[in-house]
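Undergrad: Can you keep this structure in mind? I'll have questions shortly.
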Amino acid sequence: MEETRYEIGMKKFREYTANLPEAAVGQKMSDPLDSVAPEFRKWIIEFAYGDIYSRPHLDNKERTLIVIASLVTQGMTTQIATHIKRGLVAGLTKEQISECIIQLIPYTGFPKVQQALTTAKSVFDESNQ
């Protein structure tokens with residue numbers, strides 16, 4: 001029997017969250033958004049992880065660097081922390097993550113990069129990386 005988009009997405013999601021405590025995962029299956037958008041997390045799993053993250057040609061480390069870069073340019077601090085944690089699970093080093101963020105200075109500016117590096121430092125400190 002063919003796997004559903006949700007099953008494919010959950011398999012990929014677990015690759016990015018293996019060994020993380022539940023509080024660090026950032027995508028709890030039951031969360032406060034359930035009362036206003038009960039299918040929201042399901043859509044993230046199906047679309048982002050099932051359809052996009054599961055595509056061929058890029059590995060989990062490469063995808064995570066792309067996501068971190070995108071989030072830095074948008075100033076999405078909470079999501080940056082979540083994806084830095086996932087990047088560490090995917091096998092990125094703190095130096096690779098830091099360099100990814102530093103590379104964005106000419107494109108997004110010092111304030112967003114400083115904010116992202118501060119977030120990265122907090123994640124590294126928490127994870128003892």
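To be explicit about the labels: the chains of the structure tokens are called A, B, and onward in the order shown, and within each one the residues are counted from 1, while ligands get numbers from 1 in the order they are shown.
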Excluding Ala18 (chain A) and any residue of its chain fewer than 4 positions from it, enumerate the residues within 12 Å of it, using only C-alpha atoms, and give them as a PDB file with C-alpha atoms, in the first residue's frame.
TA:
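Contents of around_26.pdb, as written:
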```pdb
ATOM      1  CA  MET A  10       6.009  12.360   9.365  1.00  0.00           C
ATOM      2  CA  LYS A  11       8.875  10.102   8.335  1.00  0.00           C
ATOM      3  CA  LYS A  12      10.842  13.120   7.065  1.00  0.00           C
ATOM      4  CA  PHE A  13       9.826  15.239  10.072  1.00  0.00           C
ATOM      5  CA  ARG A  14      11.176  12.541  12.420  1.00  0.00           C
ATOM      6  CA  GLU A  22       9.526  17.227  22.747  1.00  0.00           C
ATOM      7  CA  ALA A  24      12.515  21.489  21.344  1.00  0.00           C
ATOM      8  CA  VAL A  25      10.694  19.953  18.400  1.00  0.00           C
ATOM      9  CA  LYS A  85      18.029  22.637  16.265  1.00  0.00           C
ATOM     10  CA  ARG A  86      16.886  20.563  13.304  1.00  0.00           C
ATOM     11  CA  GLY A  87      20.083  21.437  11.450  1.00  0.00           C
ATOM     12  CA  LEU A  88      22.149  20.087  14.318  1.00  0.00           C
ATOM     13  CA  VAL A  89      20.107  16.869  14.201  1.00  0.00           C
ATOM     14  CA  ALA A  90      20.689  16.709  10.426  1.00  0.00           C
ATOM     15  CA  GLY A  91      24.439  16.833  11.071  1.00  0.00           C
TER      16      GLY A  91
END
```
Undergrad: Write out as a list of chain:residue names the residues lying within 7 Å of region 36-49 of chain A, counting only C-alpha atoms and excluding same-chain residues fewer than 2 positions away.
TA: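 The neighbour list is A:Arg5, A:Tyr6, A:Gly9, A:Met10, A:Lys12, A:Phe13, A:Met29, A:Leu33, A:Asp34, A:Asp51, A:Ile52, A:Tyr53, A:Ser54.
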Undergrad: Take the residues just selected and output them with N, CA, C and O atoms as an mmCIF file, in the first residue's frame.
TA:
```cif
data_model
loop_
_atom_site.group_PDB
_atom_site.id
_atom_site.type_symbol
_atom_site.label_atom_id
_atom_site.label_comp_id
_atom_site.auth_asym_id
_atom_site.auth_seq_id
_atom_site.Cartn_x
_atom_site.Cartn_y
_atom_site.Cartn_z
ATOM 1 N N ARG A 5 0.632 11.209 2.028
ATOM 2 C CA ARG A 5 1.470 12.401 2.167
ATOM 3 C C ARG A 5 1.809 12.637 3.632
ATOM 4 O O ARG A 5 2.932 13.022 3.964
ATOM 5 N N TYR A 6 0.845 12.402 4.499
ATOM 6 C CA TYR A 6 1.082 12.600 5.931
ATOM 7 C C TYR A 6 2.134 11.615 6.439
ATOM 8 O O TYR A 6 3.044 12.002 7.187
ATOM 9 N N GLY A 9 5.461 12.664 5.155
ATOM 10 C CA GLY A 9 5.861 13.870 5.882
ATOM 11 C C GLY A 9 6.327 13.575 7.295
ATOM 12 O O GLY A 9 7.324 14.129 7.761
ATOM 13 N N MET A 10 5.614 12.704 7.991
ATOM 14 C CA MET A 10 6.009 12.360 9.365
ATOM 15 C C MET A 10 7.353 11.639 9.383
ATOM 16 O O MET A 10 8.176 11.872 10.277
ATOM 17 N N LYS A 12 9.826 12.093 7.284
ATOM 18 C CA LYS A 12 10.842 13.120 7.065
ATOM 19 C C LYS A 12 10.961 14.022 8.293
ATOM 20 O O LYS A 12 12.063 14.353 8.733
ATOM 21 N N PHE A 13 9.826 14.398 8.873
ATOM 22 C CA PHE A 13 9.826 15.239 10.072
ATOM 23 C C PHE A 13 10.624 14.575 11.190
ATOM 24 O O PHE A 13 11.414 15.221 11.872
ATOM 25 N N MET A 29 2.243 17.833 18.036
ATOM 26 C CA MET A 29 1.050 17.421 17.318
ATOM 27 C C MET A 29 -0.218 17.913 18.008
ATOM 28 O O MET A 29 -1.262 17.969 17.409
ATOM 29 N N LEU A 33 -2.742 26.032 18.708
ATOM 30 C CA LEU A 33 -3.385 26.407 17.452
ATOM 31 C C LEU A 33 -4.551 25.495 17.087
ATOM 32 O O LEU A 33 -5.349 25.820 16.220
ATOM 33 N N ASP A 34 -4.632 24.344 17.748
ATOM 34 C CA ASP A 34 -5.726 23.412 17.454
ATOM 35 C C ASP A 34 -7.099 24.059 17.596
ATOM 36 O O ASP A 34 -8.016 23.744 16.845
ATOM 37 N N ASP A 51 5.648 16.855 0.834
ATOM 38 C CA ASP A 51 5.802 17.225 -0.576
ATOM 39 C C ASP A 51 7.135 17.915 -0.887
ATOM 40 O O ASP A 51 7.735 17.652 -1.928
ATOM 41 N N ILE A 52 7.588 18.807 -0.022
ATOM 42 C CA ILE A 52 8.766 19.623 -0.329
ATOM 43 C C ILE A 52 10.056 19.025 0.237
ATOM 44 O O ILE A 52 11.001 18.763 -0.491
ATOM 45 N N TYR A 53 10.103 18.797 1.542
ATOM 46 C CA TYR A 53 11.325 18.276 2.160
ATOM 47 C C TYR A 53 11.667 16.870 1.662
ATOM 48 O O TYR A 53 12.824 16.460 1.733
ATOM 49 N N SER A 54 10.716 16.134 1.171
ATOM 50 C CA SER A 54 10.952 14.755 0.728
ATOM 51 C C SER A 54 11.360 14.657 -0.740
ATOM 52 O O SER A 54 11.556 13.555 -1.250
#
```
Undergrad: As a list in words, please: the residues near Leu117 (chain A) (cut-off 9 Å, only C-alpha atoms, same-chain neighbours under 5 positions excluded).
TA: Ser98, Ile101, Ile102, Lys112 and Ser122 of chain A
Undergrad: The selected residues should be written to file as a short mmCIF file (atom, residue, chain, number, x, y, z; two decimals), in the first residue's frame (atoms: all heavy atoms).
TA:
```cif
data_model
loop_
_atom_site.label_atom_id
_atom_site.label_comp_id
_atom_site.auth_asym_id
_atom_site.auth_seq_id
_atom_site.Cartn_x
_atom_site.Cartn_y
_atom_site.Cartn_z
N SER A 98 26.61 28.99 11.55
CA SER A 98 27.05 30.38 11.73
C SER A 98 27.48 31.00 10.39
O SER A 98 27.13 32.15 10.09
CB SER A 98 28.21 30.45 12.73
OG SER A 98 27.78 30.02 14.00
N ILE A 101 24.57 31.97 8.23
CA ILE A 101 23.96 33.22 8.69
C ILE A 101 24.84 34.41 8.32
O ILE A 101 24.35 35.42 7.80
CB ILE A 101 23.69 33.14 10.20
CG1 ILE A 101 22.65 32.05 10.50
CG2 ILE A 101 23.24 34.50 10.74
CD1 ILE A 101 22.51 31.69 11.97
N ILE A 102 26.15 34.30 8.56
CA ILE A 102 27.08 35.40 8.24
C ILE A 102 27.04 35.74 6.76
O ILE A 102 27.13 36.91 6.38
CB ILE A 102 28.51 35.03 8.70
CG1 ILE A 102 28.57 35.04 10.24
CG2 ILE A 102 29.56 35.96 8.10
CD1 ILE A 102 29.80 34.39 10.82
N LYS A 112 19.55 41.93 11.26
CA LYS A 112 18.93 40.60 11.19
C LYS A 112 19.95 39.50 11.40
O LYS A 112 19.67 38.48 12.04
CB LYS A 112 18.20 40.41 9.86
CG LYS A 112 16.89 41.14 9.79
CD LYS A 112 16.15 40.85 8.51
CE LYS A 112 14.83 41.60 8.48
NZ LYS A 112 14.13 41.42 7.21
N SER A 122 22.28 30.96 21.47
CA SER A 122 21.41 30.41 22.52
C SER A 122 21.13 28.93 22.27
O SER A 122 21.16 28.12 23.21
CB SER A 122 20.09 31.17 22.56
OG SER A 122 20.30 32.48 22.99
#
```
Undergrad: Between A:Met1, A:Leu92, A:Ile105, A:Ile80, which has the minimum distance to Thr118 (chain A) (counting only C-alpha atoms)?
TA: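 For Thr118 (chain A), the nearest of the candidates is A:Ile80.
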Undergrad: Just want the 10 Å neighbourhood of Gly75 (chain A), counted on only C-alpha atoms, with same-chain residues fewer than 2 positions away dropped. Output as a PyMOL selection string.
TA: chain A and resi 69-73+77-80+108+111-113+115-116
Undergrad: Let me make sure I understand: among A:Thr119, A:Ser127, A:Thr4, A:Asn19, which one has the smallest atom-to-atom distance to Ile68 (chain A) if we use only C-alpha atoms?
TA: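 Ranked by minimum distance to Ile68 (chain A), first place goes to A:Thr119.
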